[in-house]
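Trainee: What follows is data-v3.cif; its format and atoms are mmCIF, C-alpha atoms.
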```cif
data_model
loop_
_atom_site.label_atom_id
_atom_site.label_comp_id
_atom_site.auth_asym_id
_atom_site.auth_seq_id
_atom_site.Cartn_x
_atom_site.Cartn_y
_atom_site.Cartn_z
CA GLN I 181 2.53 20.08 5.11
CA LYS I 182 2.23 16.50 3.91
CA GLU I 183 -1.00 14.69 4.76
CA VAL I 184 0.83 11.83 6.48
CA GLU I 185 4.34 11.98 7.90
CA GLN I 186 6.30 8.86 8.80
CA ASP I 187 10.00 8.60 9.58
CA PRO I 188 11.44 6.14 7.06
CA GLY I 189 14.20 5.03 9.43
CA PRO I 190 15.89 2.62 9.13
CA LEU I 191 15.32 1.39 12.67
CA SER I 192 17.48 -1.39 14.08
CA VAL I 193 16.75 -3.03 17.45
CA PRO I 194 17.89 -6.14 19.33
CA GLU I 195 15.59 -9.12 19.65
CA GLY I 196 13.20 -8.72 22.57
CA ALA I 197 13.10 -4.91 22.42
CA ILE I 198 9.91 -2.88 22.46
CA VAL I 199 9.49 -1.08 19.15
CA SER I 200 7.52 2.12 18.70
CA LEU I 201 6.53 3.24 15.21
CA ASN I 202 4.69 6.49 14.65
CA CYS I 203 2.87 8.63 12.11
CA THR I 204 1.46 12.12 12.27
CA TYR I 205 -1.21 13.49 9.99
CA SER I 206 -2.83 16.78 9.15
CA ASN I 207 -6.30 15.85 7.88
CA SER I 208 -8.78 15.85 10.77
CA ALA I 209 -11.31 14.00 8.58
CA PHE I 210 -9.37 10.74 8.82
CA GLN I 211 -11.39 8.11 10.70
CA TYR I 212 -9.82 4.78 9.75
CA PHE I 213 -6.22 4.13 10.73
CA MET I 214 -4.26 1.13 9.58
CA TRP I 215 -0.85 -0.42 9.77
CA TYR I 216 0.44 -2.51 6.90
CA ARG I 217 3.54 -4.69 7.04
CA GLN I 218 5.63 -5.27 3.94
CA TYR I 219 8.29 -7.95 3.84
CA SER I 220 11.08 -7.64 1.30
CA ARG I 221 9.94 -8.49 -2.24
CA LYS I 222 6.33 -8.85 -1.11
CA GLY I 223 3.24 -6.67 -1.23
CA PRO I 224 1.96 -4.96 1.93
CA GLU I 225 -0.44 -6.88 4.17
CA LEU I 226 -2.82 -5.43 6.73
CA LEU I 227 -1.54 -5.84 10.26
CA MET I 228 -4.04 -3.85 12.30
CA TYR I 229 -6.72 -1.24 11.89
CA THR I 230 -8.44 1.13 14.32
CA TYR I 231 -11.54 3.20 13.86
CA SER I 232 -11.40 6.68 15.38
CA SER I 233 -9.47 7.07 18.65
CA GLY I 234 -8.30 4.51 21.16
CA ASN I 235 -6.14 1.44 21.49
CA LYS I 236 -6.29 -1.96 19.91
CA GLU I 237 -4.22 -4.94 20.94
CA ASP I 238 -3.45 -8.11 19.00
CA GLY I 239 -0.88 -10.38 20.55
CA ARG I 240 2.45 -8.55 20.67
CA PHE I 241 1.09 -5.62 18.65
CA THR I 242 -0.74 -2.56 19.97
CA ALA I 243 -2.11 0.23 17.80
CA GLN I 244 -2.92 3.61 19.33
CA VAL I 245 -4.71 6.57 17.82
CA ASP I 246 -4.73 10.03 19.38
CA LYS I 247 -6.99 12.16 17.20
CA SER I 248 -6.53 15.26 19.32
CA SER I 249 -2.80 15.20 18.54
CA LYS I 250 -3.24 13.69 15.05
CA TYR I 251 -0.78 10.99 16.01
CA ILE I 252 -0.87 7.22 15.63
CA SER I 253 1.49 4.58 16.97
CA LEU I 254 2.24 0.90 16.59
CA PHE I 255 4.02 -0.86 19.45
CA ILE I 256 5.66 -4.23 19.07
CA ARG I 257 6.50 -6.04 22.29
CA ASP I 258 9.16 -8.76 22.54
CA SER I 259 10.24 -8.06 18.96
CA GLN I 260 11.43 -11.00 16.89
CA PRO I 261 13.70 -11.25 13.83
CA SER I 262 10.57 -12.26 11.88
CA ASP I 263 9.19 -8.77 12.59
CA SER I 264 11.88 -7.31 10.31
CA ALA I 265 9.93 -5.56 7.58
CA THR I 266 8.76 -2.15 6.45
CA TYR I 267 5.74 -0.86 8.36
CA LEU I 268 3.40 1.53 6.58
CA CYS I 269 0.75 3.58 8.26
CA ALA I 270 -2.35 4.36 6.23
CA MET I 271 -5.50 6.31 6.86
CA ARG I 272 -8.77 7.14 5.23
CA GLY I 273 -11.65 9.53 5.79
CA GLY I 274 -15.04 8.38 6.99
CA GLY I 275 -17.10 10.36 4.52
CA GLY I 276 -17.17 7.79 1.73
CA SER I 277 -13.79 8.77 0.34
CA GLU I 278 -12.05 5.78 -1.09
CA LYS I 279 -8.60 7.33 -1.12
CA LEU I 280 -6.31 5.60 1.35
CA VAL I 281 -3.31 7.78 2.19
CA PHE I 282 -0.07 6.02 3.09
CA GLY I 283 3.03 7.10 4.96
CA LYS I 284 6.46 6.45 3.48
CA GLY I 285 6.98 3.39 5.66
CA THR I 286 9.56 2.68 8.38
CA LYS I 287 12.07 -0.07 7.71
CA LEU I 288 12.60 -2.15 10.86
CA THR I 289 15.35 -4.69 11.45
CA VAL I 290 15.28 -6.87 14.56
CA ASN I 291 18.68 -8.37 15.20
CA PRO I 292 18.97 -11.82 16.85
CA GLU A 271 -4.15 -19.67 -7.27
CA THR A 272 -5.14 -17.65 -4.24
CA GLY A 273 -5.12 -13.98 -3.32
CA VAL A 274 -3.87 -11.42 -5.82
CA THR A 275 -1.41 -12.47 -8.50
CA GLN A 276 0.59 -10.13 -10.69
CA THR A 277 2.56 -10.85 -13.83
CA PRO A 278 5.24 -10.31 -14.83
CA ARG A 279 7.18 -9.96 -11.58
CA HIS A 280 10.00 -8.15 -13.36
CA LEU A 281 9.95 -6.12 -16.56
CA VAL A 282 12.67 -4.17 -18.34
CA MET A 283 11.59 -1.99 -21.22
CA GLY A 284 12.91 0.75 -23.41
CA MET A 285 11.28 4.12 -23.65
CA THR A 286 9.66 3.28 -26.98
CA ASN A 287 8.29 -0.15 -26.03
CA LYS A 288 4.70 -1.08 -25.30
CA LYS A 289 4.06 -3.59 -22.55
CA SER A 290 1.29 -4.55 -20.15
CA LEU A 291 1.08 -5.54 -16.51
CA LYS A 292 -1.57 -8.03 -15.49
CA CYS A 293 -3.35 -8.51 -12.18
CA GLU A 294 -5.86 -11.17 -11.19
CA GLN A 295 -7.69 -11.48 -7.88
CA HIS A 296 -9.24 -14.72 -6.65
CA LEU A 297 -11.00 -13.22 -3.64
CA GLY A 298 -14.36 -12.27 -5.11
CA HIS A 299 -13.74 -8.60 -4.42
CA ASN A 300 -15.49 -5.73 -6.17
CA ALA A 301 -12.73 -3.13 -6.25
CA MET A 302 -9.25 -3.19 -7.77
CA TYR A 303 -6.40 -0.71 -7.59
CA TRP A 304 -3.06 0.17 -9.12
CA TYR A 305 -0.42 1.70 -6.85
CA LYS A 306 3.10 2.90 -7.61
CA GLN A 307 5.80 2.35 -5.00
CA SER A 308 9.08 4.25 -5.35
CA ALA A 309 11.99 4.31 -2.94
CA LYS A 310 11.56 6.73 -0.05
CA LYS A 311 8.10 7.80 -1.23
CA PRO A 312 4.64 6.89 0.03
CA LEU A 313 2.54 4.49 -1.97
CA GLU A 314 0.91 6.49 -4.76
CA LEU A 315 -2.60 5.59 -5.78
CA MET A 316 -2.92 5.56 -9.56
CA PHE A 317 -6.32 4.10 -10.45
CA VAL A 318 -9.36 2.65 -8.73
CA TYR A 319 -12.00 0.45 -10.31
CA ASN A 320 -15.22 -0.44 -8.52
CA PHE A 321 -17.50 -3.00 -10.18
CA LYS A 322 -15.39 -2.57 -13.37
CA GLU A 323 -15.98 1.20 -13.48
CA GLN A 324 -13.09 3.58 -13.00
CA THR A 325 -13.76 5.75 -9.97
CA GLU A 326 -10.36 7.37 -9.51
CA ASN A 327 -7.62 8.55 -11.82
CA ASN A 328 -5.06 10.24 -9.64
CA SER A 329 -3.72 12.60 -12.33
CA VAL A 330 -1.75 9.79 -13.91
CA PRO A 331 0.04 10.56 -17.21
CA SER A 332 -1.64 9.12 -20.28
CA ARG A 333 1.35 6.86 -20.98
CA PHE A 334 -0.26 4.63 -18.32
CA SER A 335 -3.56 3.20 -19.52
CA PRO A 336 -5.62 0.94 -17.24
CA GLU A 337 -8.13 -1.65 -18.35
CA CYS A 338 -10.59 -3.58 -16.18
CA PRO A 339 -12.55 -6.12 -18.26
CA ASN A 340 -14.21 -7.67 -15.19
CA SER A 341 -14.02 -7.48 -11.41
CA SER A 342 -11.29 -10.14 -11.28
CA HIS A 343 -8.82 -8.76 -13.81
CA LEU A 344 -6.94 -5.51 -14.09
CA PHE A 345 -4.33 -4.47 -16.62
CA LEU A 346 -1.94 -1.56 -16.84
CA HIS A 347 -0.84 -0.81 -20.39
CA LEU A 348 2.48 0.99 -20.67
CA HIS A 349 3.83 2.98 -23.62
CA THR A 350 6.55 5.55 -24.19
CA LEU A 351 7.53 5.48 -20.54
CA GLN A 352 10.23 7.60 -18.93
CA PRO A 353 13.12 6.41 -16.72
CA GLU A 354 11.42 8.05 -13.72
CA ASP A 355 8.55 5.60 -14.18
CA SER A 356 10.83 2.83 -12.92
CA ALA A 357 9.21 1.55 -9.74
CA LEU A 358 7.31 -1.32 -8.14
CA TYR A 359 3.73 -1.40 -9.41
CA LEU A 360 1.35 -2.97 -6.95
CA CYS A 361 -2.13 -4.23 -7.67
CA ALA A 362 -4.63 -4.54 -4.85
CA SER A 363 -8.23 -5.54 -4.36
CA SER A 364 -10.85 -4.96 -1.68
CA GLN A 365 -14.44 -5.91 -1.01
CA ALA A 366 -15.47 -2.26 -0.67
CA ILE A 367 -13.86 1.09 -1.48
CA THR A 368 -15.02 2.86 1.67
CA GLY A 369 -14.52 2.47 5.38
CA ALA A 370 -11.92 0.07 6.63
CA GLY A 371 -12.08 -2.07 3.52
CA GLU A 372 -8.87 -4.05 3.77
CA LEU A 373 -6.64 -3.93 0.72
CA PHE A 374 -5.10 -7.20 -0.40
CA PHE A 375 -1.94 -6.60 -2.40
CA GLY A 376 -0.14 -8.66 -4.96
CA GLU A 377 3.63 -9.06 -4.82
CA GLY A 378 4.13 -6.35 -7.41
CA SER A 379 5.70 -5.95 -10.84
CA ARG A 380 9.19 -4.42 -10.70
CA LEU A 381 9.49 -2.15 -13.75
CA THR A 382 12.76 -0.76 -15.06
CA VAL A 383 12.66 1.75 -17.91
CA LEU A 384 15.95 2.18 -19.74
#
```
What is this file in structure tokens?
Mentor:
Amino acid sequence: QKEVEQDPGPLSVPEGAIVSLNCTYSNSAFQYFMWYRQYSRKGPELLMYTYSSGNKEDGRFTAQVDKSSKYISLFIRDSQPSDSATYLCAMRGGGGSEKLVFGKGTKLTVNP
Amino acid sequence: ETGVTQTPRHLVMGMTNKKSLKCEQHLGHNAMYWYKQSAKKPLELMFVYNFKEQTENNSVPSRFSPECPNSSHLFLHLHTLQPEDSALYLCASSQAITGAGELFFGEGSRLTVL
């Protein structure tokens, strides 16, 4: 079983749709959960991060972590064409481990 | 210059060539990283340097040789590469190597090995 599983898509939605992106993981030691966004021909940039379980909201973006199910989600409300990018989940343990484990990334296209 | 800059952006090399990738960060961070990004695969961590000292070598073949002369500069020396080494090589930096230390990535060096 891979440490982090993420459906690579591609995912195509109309403008204004609610988008749900998800990752599952197997390592119960993960404490820090992040979402990176990568535009074409660019490096990834941090979008949101959550420590342990719970929700975090930032504008149109909401990150959720369910540690009991080892499942994390990123929701995008009122999606815009500018949200078209690849979204990578990433996670790291809390015990001083510096290794950040990434998912494969989900390629999202929001059509006007 | 701001953020993390990588040069060259594109590189084509033969299997017998020797070349180097360069990364420079202007963020005052203490840690620098090399990642490999291949199609349909997760980002693969290659090397980590913290305060110029290598703290992680993720079982990378010796044909990849990193060098970190100071906390702002990172190099990846390449020699006798294989076609399967063709990928996007991303450099990143962070203030710390633990916790939620945000990684700041460069735009990457697209490497093609013929």
Trainee: Applied to the shown file, which residues does the PyMOL selection byres ((chain I) within 8 of (chain A)) return, written as a list in words?
Mentor: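 Here the PyMOL selection byres ((chain I) within 8 of (chain A)) matches Pro188, Tyr212, Arg221, Lys222, Gly223, Pro224, Glu225, Leu226, Tyr229, Tyr231, Arg272, Gly273, Gly274, Gly276, Ser277, Glu278, Lys279, Val281, Phe282, Gly283, Lys284 and Gly285 of chain I.
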Trainee: Would you mind exporting the chosen residues as a JSON list (two decimals), in the coordinates of the input, restricted to C-alpha atoms?
Mentor:
```json
[["chain", "number", "residue", "atom", "x", "y", "z"],
["I", 188, "PRO", "CA", 11.44, 6.14, 7.06],
["I", 212, "TYR", "CA", -9.82, 4.78, 9.75],
["I", 221, "ARG", "CA", 9.94, -8.49, -2.24],
["I", 222, "LYS", "CA", 6.33, -8.85, -1.11],
["I", 223, "GLY", "CA", 3.24, -6.67, -1.23],
["I", 224, "PRO", "CA", 1.96, -4.96, 1.93],
["I", 225, "GLU", "CA", -0.44, -6.88, 4.17],
["I", 226, "LEU", "CA", -2.82, -5.43, 6.73],
["I", 229, "TYR", "CA", -6.72, -1.24, 11.89],
["I", 231, "TYR", "CA", -11.54, 3.20, 13.86],
["I", 272, "ARG", "CA", -8.77, 7.14, 5.23],
["I", 273, "GLY", "CA", -11.65, 9.53, 5.79],
["I", 274, "GLY", "CA", -15.04, 8.38, 6.99],
["I", 276, "GLY", "CA", -17.17, 7.79, 1.73],
["I", 277, "SER", "CA", -13.79, 8.77, 0.34],
["I", 278, "GLU", "CA", -12.05, 5.78, -1.09],
["I", 279, "LYS", "CA", -8.60, 7.33, -1.12],
["I", 281, "VAL", "CA", -3.31, 7.78, 2.19],
["I", 282, "PHE", "CA", -0.07, 6.02, 3.09],
["I", 283, "GLY", "CA", 3.03, 7.10, 4.96],
["I", 284, "LYS", "CA", 6.46, 6.45, 3.48],
["I", 285, "GLY", "CA", 6.98, 3.39, 5.66]]
```
Trainee: Quick one: pull the distance between CA of Lys322 (chain A) and CA of Gly298 (chain A), Å, one decimal.
Mentor: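 If I compute the distance from CA of Lys322 (chain A) to CA of Gly298 (chain A), I get 12.8 Å.
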Trainee: Counting only C-alpha atoms, which residues sit no farther than 9 Å from the position (12.9, -11.5, 18.1) in the file's frame? I'd like them as a list in words.
Mentor: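 Using only C-alpha atoms, the matching residues come out as Pro194, Glu195, Gly196, Ala197, Asp258, Ser259, Gln260, Pro261, Ser262, Asp263, Ser264, Val290, Asn291 and Pro292 of chain I.
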Trainee: Between CA of Tyr319 (chain A) and CA of Thr277 (chain A), what distance in Å does the model show, to one decimal?
Mentor: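 Computing the Euclidean distance for CA of Tyr319 (chain A) and CA of Thr277 (chain A) yields 18.8 Å.
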Trainee: I'd like the neighbourhood of Arg257 (chain I) as a list of chain:residue names, where a residue qualifies if any of its atoms comes within 7 Å (using only C-alpha atoms), though same-chain residues fewer than 3 positions away should be ignored.
Mentor: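 That gives I:Ala197, I:Ile198, I:Val199, I:Arg240, I:Phe241.
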Trainee: Taking all atoms listed in the file into account, name the residue in I:Leu201, I:Ala243, I:Leu280, I:Cys269 that is nearest to Tyr216 (chain I).
Mentor: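 That would be I:Cys269, the residue with the smallest distance to Tyr216 (chain I).
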Trainee: Give, as JSON, the centre coordinates and the x, y and z edge lengths in Å to one decimal for an axis-aligned box around all listed atoms of region 181-198 of chain I, padded by 8 Å on each side.
Mentor:
```
{"center_x": 8.4, "center_y": 5.5, "center_z": 13.2, "size_x": 34.9, "size_y": 45.2, "size_z": 34.7}
```
Trainee: Go ahead and compute the interatomic distance for CA of Thr266 (chain I) and CA of Met214 (chain I), in Å to one decimal.
Mentor: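 Separation between CA of Thr266 (chain I) and CA of Met214 (chain I): 13.8 Å.
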Trainee: Using all atoms listed in the file for the distances, tell me which of A:Leu344, A:Cys293, A:Leu384, A:Met285 is nearest to Glu323 (chain A).
Mentor: A:Leu344
Trainee: From the options I:Ser233, I:Gln211, I:Asp238, I:Gln218, which residue's atoms come nearest to Phe255 (chain I), counting all atoms listed in the file?
Mentor: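 Among I:Ser233, I:Gln211, I:Asp238, I:Gln218, it is I:Asp238 that comes nearest to Phe255 (chain I).
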Trainee: Let me know the residues the PyMOL selection byres ((chain A and resi 332-338) around 12) catches in the file above, as a PyMOL selection string.
Mentor: chain A and resi 285-295+300-306+316-331+339-352+355+359+361
Trainee: Skipping near chain neighbours, those fewer than 4 positions away, what residues fall within 7 Å of Gln244 (chain I) using all atoms listed in the file, listed as a ChimeraX atom specification?
Mentor: /I:234-236,252-254
Trainee: Taking 4 positions as the minimum chain separation for residues in the same chain, which residues sit within 9 Å of Asn207 (chain I) when counting only C-alpha atoms? Answer as a list in words.
Mentor: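 Those residues are Glu183, Val184, Lys250 and Gly273 of chain I.
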Trainee: Could you give me region 367-378 of chain A completed to all heavy atoms, formatted as an mmCIF file, in the coordinates of the input?
Mentor:
```cif
data_model
loop_
_atom_site.group_PDB
_atom_site.id
_atom_site.type_symbol
_atom_site.label_atom_id
_atom_site.label_comp_id
_atom_site.auth_asym_id
_atom_site.auth_seq_id
_atom_site.Cartn_x
_atom_site.Cartn_y
_atom_site.Cartn_z
ATOM 1 N N ILE A 367 -14.815 -0.006 -1.305
ATOM 2 C CA ILE A 367 -13.860 1.090 -1.480
ATOM 3 C C ILE A 367 -13.992 2.132 -0.383
ATOM 4 O O ILE A 367 -13.332 3.157 -0.427
ATOM 5 C CB ILE A 367 -14.023 1.760 -2.857
ATOM 6 C CG1 ILE A 367 -15.425 2.367 -3.014
ATOM 7 C CG2 ILE A 367 -13.709 0.788 -3.969
ATOM 8 C CD1 ILE A 367 -15.561 3.237 -4.254
ATOM 9 N N THR A 368 -14.842 1.898 0.588
ATOM 10 C CA THR A 368 -15.020 2.860 1.670
ATOM 11 C C THR A 368 -14.737 2.198 3.011
ATOM 12 O O THR A 368 -14.560 0.975 3.084
ATOM 13 C CB THR A 368 -16.448 3.427 1.699
ATOM 14 O OG1 THR A 368 -17.359 2.330 1.846
ATOM 15 C CG2 THR A 368 -16.756 4.172 0.425
ATOM 16 N N GLY A 369 -14.704 3.003 4.045
ATOM 17 C CA GLY A 369 -14.520 2.470 5.380
ATOM 18 C C GLY A 369 -13.176 1.817 5.560
ATOM 19 O O GLY A 369 -12.176 2.255 5.012
ATOM 20 N N ALA A 370 -13.171 0.764 6.338
ATOM 21 C CA ALA A 370 -11.920 0.070 6.630
ATOM 22 C C ALA A 370 -11.685 -1.082 5.670
ATOM 23 O O ALA A 370 -10.993 -2.028 6.013
ATOM 24 C CB ALA A 370 -11.930 -0.450 8.059
ATOM 25 N N GLY A 371 -12.244 -0.991 4.471
ATOM 26 C CA GLY A 371 -12.080 -2.070 3.520
ATOM 27 C C GLY A 371 -10.632 -2.447 3.330
ATOM 28 O O GLY A 371 -9.859 -1.679 2.777
ATOM 29 N N GLU A 372 -10.261 -3.617 3.818
ATOM 30 C CA GLU A 372 -8.870 -4.050 3.770
ATOM 31 C C GLU A 372 -8.421 -4.239 2.332
ATOM 32 O O GLU A 372 -9.124 -4.844 1.515
ATOM 33 C CB GLU A 372 -8.715 -5.366 4.533
ATOM 34 C CG GLU A 372 -7.305 -5.938 4.516
ATOM 35 C CD GLU A 372 -7.207 -7.249 5.258
ATOM 36 O OE1 GLU A 372 -8.207 -7.668 5.877
ATOM 37 O OE2 GLU A 372 -6.124 -7.873 5.206
ATOM 38 N N LEU A 373 -7.249 -3.716 2.027
ATOM 39 C CA LEU A 373 -6.640 -3.930 0.720
ATOM 40 C C LEU A 373 -5.785 -5.187 0.768
ATOM 41 O O LEU A 373 -5.004 -5.387 1.701
ATOM 42 C CB LEU A 373 -5.750 -2.743 0.352
ATOM 43 C CG LEU A 373 -6.413 -1.408 0.073
ATOM 44 C CD1 LEU A 373 -5.370 -0.387 -0.328
ATOM 45 C CD2 LEU A 373 -7.467 -1.525 -1.003
ATOM 46 N N PHE A 374 -5.940 -6.018 -0.236
ATOM 47 C CA PHE A 374 -5.100 -7.200 -0.400
ATOM 48 C C PHE A 374 -4.203 -6.928 -1.603
ATOM 49 O O PHE A 374 -4.696 -6.717 -2.714
ATOM 50 C CB PHE A 374 -5.958 -8.444 -0.637
ATOM 51 C CG PHE A 374 -6.726 -8.877 0.572
ATOM 52 C CD1 PHE A 374 -7.903 -8.227 0.934
ATOM 53 C CD2 PHE A 374 -6.277 -9.926 1.359
ATOM 54 C CE1 PHE A 374 -8.615 -8.609 2.066
ATOM 55 C CE2 PHE A 374 -6.988 -10.331 2.482
ATOM 56 C CZ PHE A 374 -8.155 -9.665 2.831
ATOM 57 N N PHE A 375 -2.898 -6.946 -1.354
ATOM 58 C CA PHE A 375 -1.940 -6.600 -2.400
ATOM 59 C C PHE A 375 -1.338 -7.839 -3.042
ATOM 60 O O PHE A 375 -1.165 -8.881 -2.395
ATOM 61 C CB PHE A 375 -0.787 -5.767 -1.802
ATOM 62 C CG PHE A 375 -1.150 -4.352 -1.478
ATOM 63 C CD1 PHE A 375 -1.673 -4.028 -0.241
ATOM 64 C CD2 PHE A 375 -0.942 -3.342 -2.406
ATOM 65 C CE1 PHE A 375 -1.999 -2.705 0.074
ATOM 66 C CE2 PHE A 375 -1.256 -2.022 -2.102
ATOM 67 C CZ PHE A 375 -1.793 -1.712 -0.860
ATOM 68 N N GLY A 376 -0.980 -7.685 -4.311
ATOM 69 C CA GLY A 376 -0.140 -8.660 -4.960
ATOM 70 C C GLY A 376 1.315 -8.407 -4.595
ATOM 71 O O GLY A 376 1.619 -7.483 -3.824
ATOM 72 N N GLU A 377 2.211 -9.205 -5.147
ATOM 73 C CA GLU A 377 3.630 -9.060 -4.820
ATOM 74 C C GLU A 377 4.302 -7.979 -5.669
ATOM 75 O O GLU A 377 5.454 -7.642 -5.416
ATOM 76 C CB GLU A 377 4.342 -10.402 -4.984
ATOM 77 C CG GLU A 377 3.839 -11.450 -3.981
ATOM 78 C CD GLU A 377 4.699 -12.682 -3.936
ATOM 79 O OE1 GLU A 377 5.295 -13.031 -4.971
ATOM 80 O OE2 GLU A 377 4.767 -13.321 -2.865
ATOM 81 N N GLY A 378 3.599 -7.470 -6.652
ATOM 82 C CA GLY A 378 4.130 -6.350 -7.410
ATOM 83 C C GLY A 378 4.842 -6.751 -8.687
ATOM 84 O O GLY A 378 5.301 -7.892 -8.841
#
```
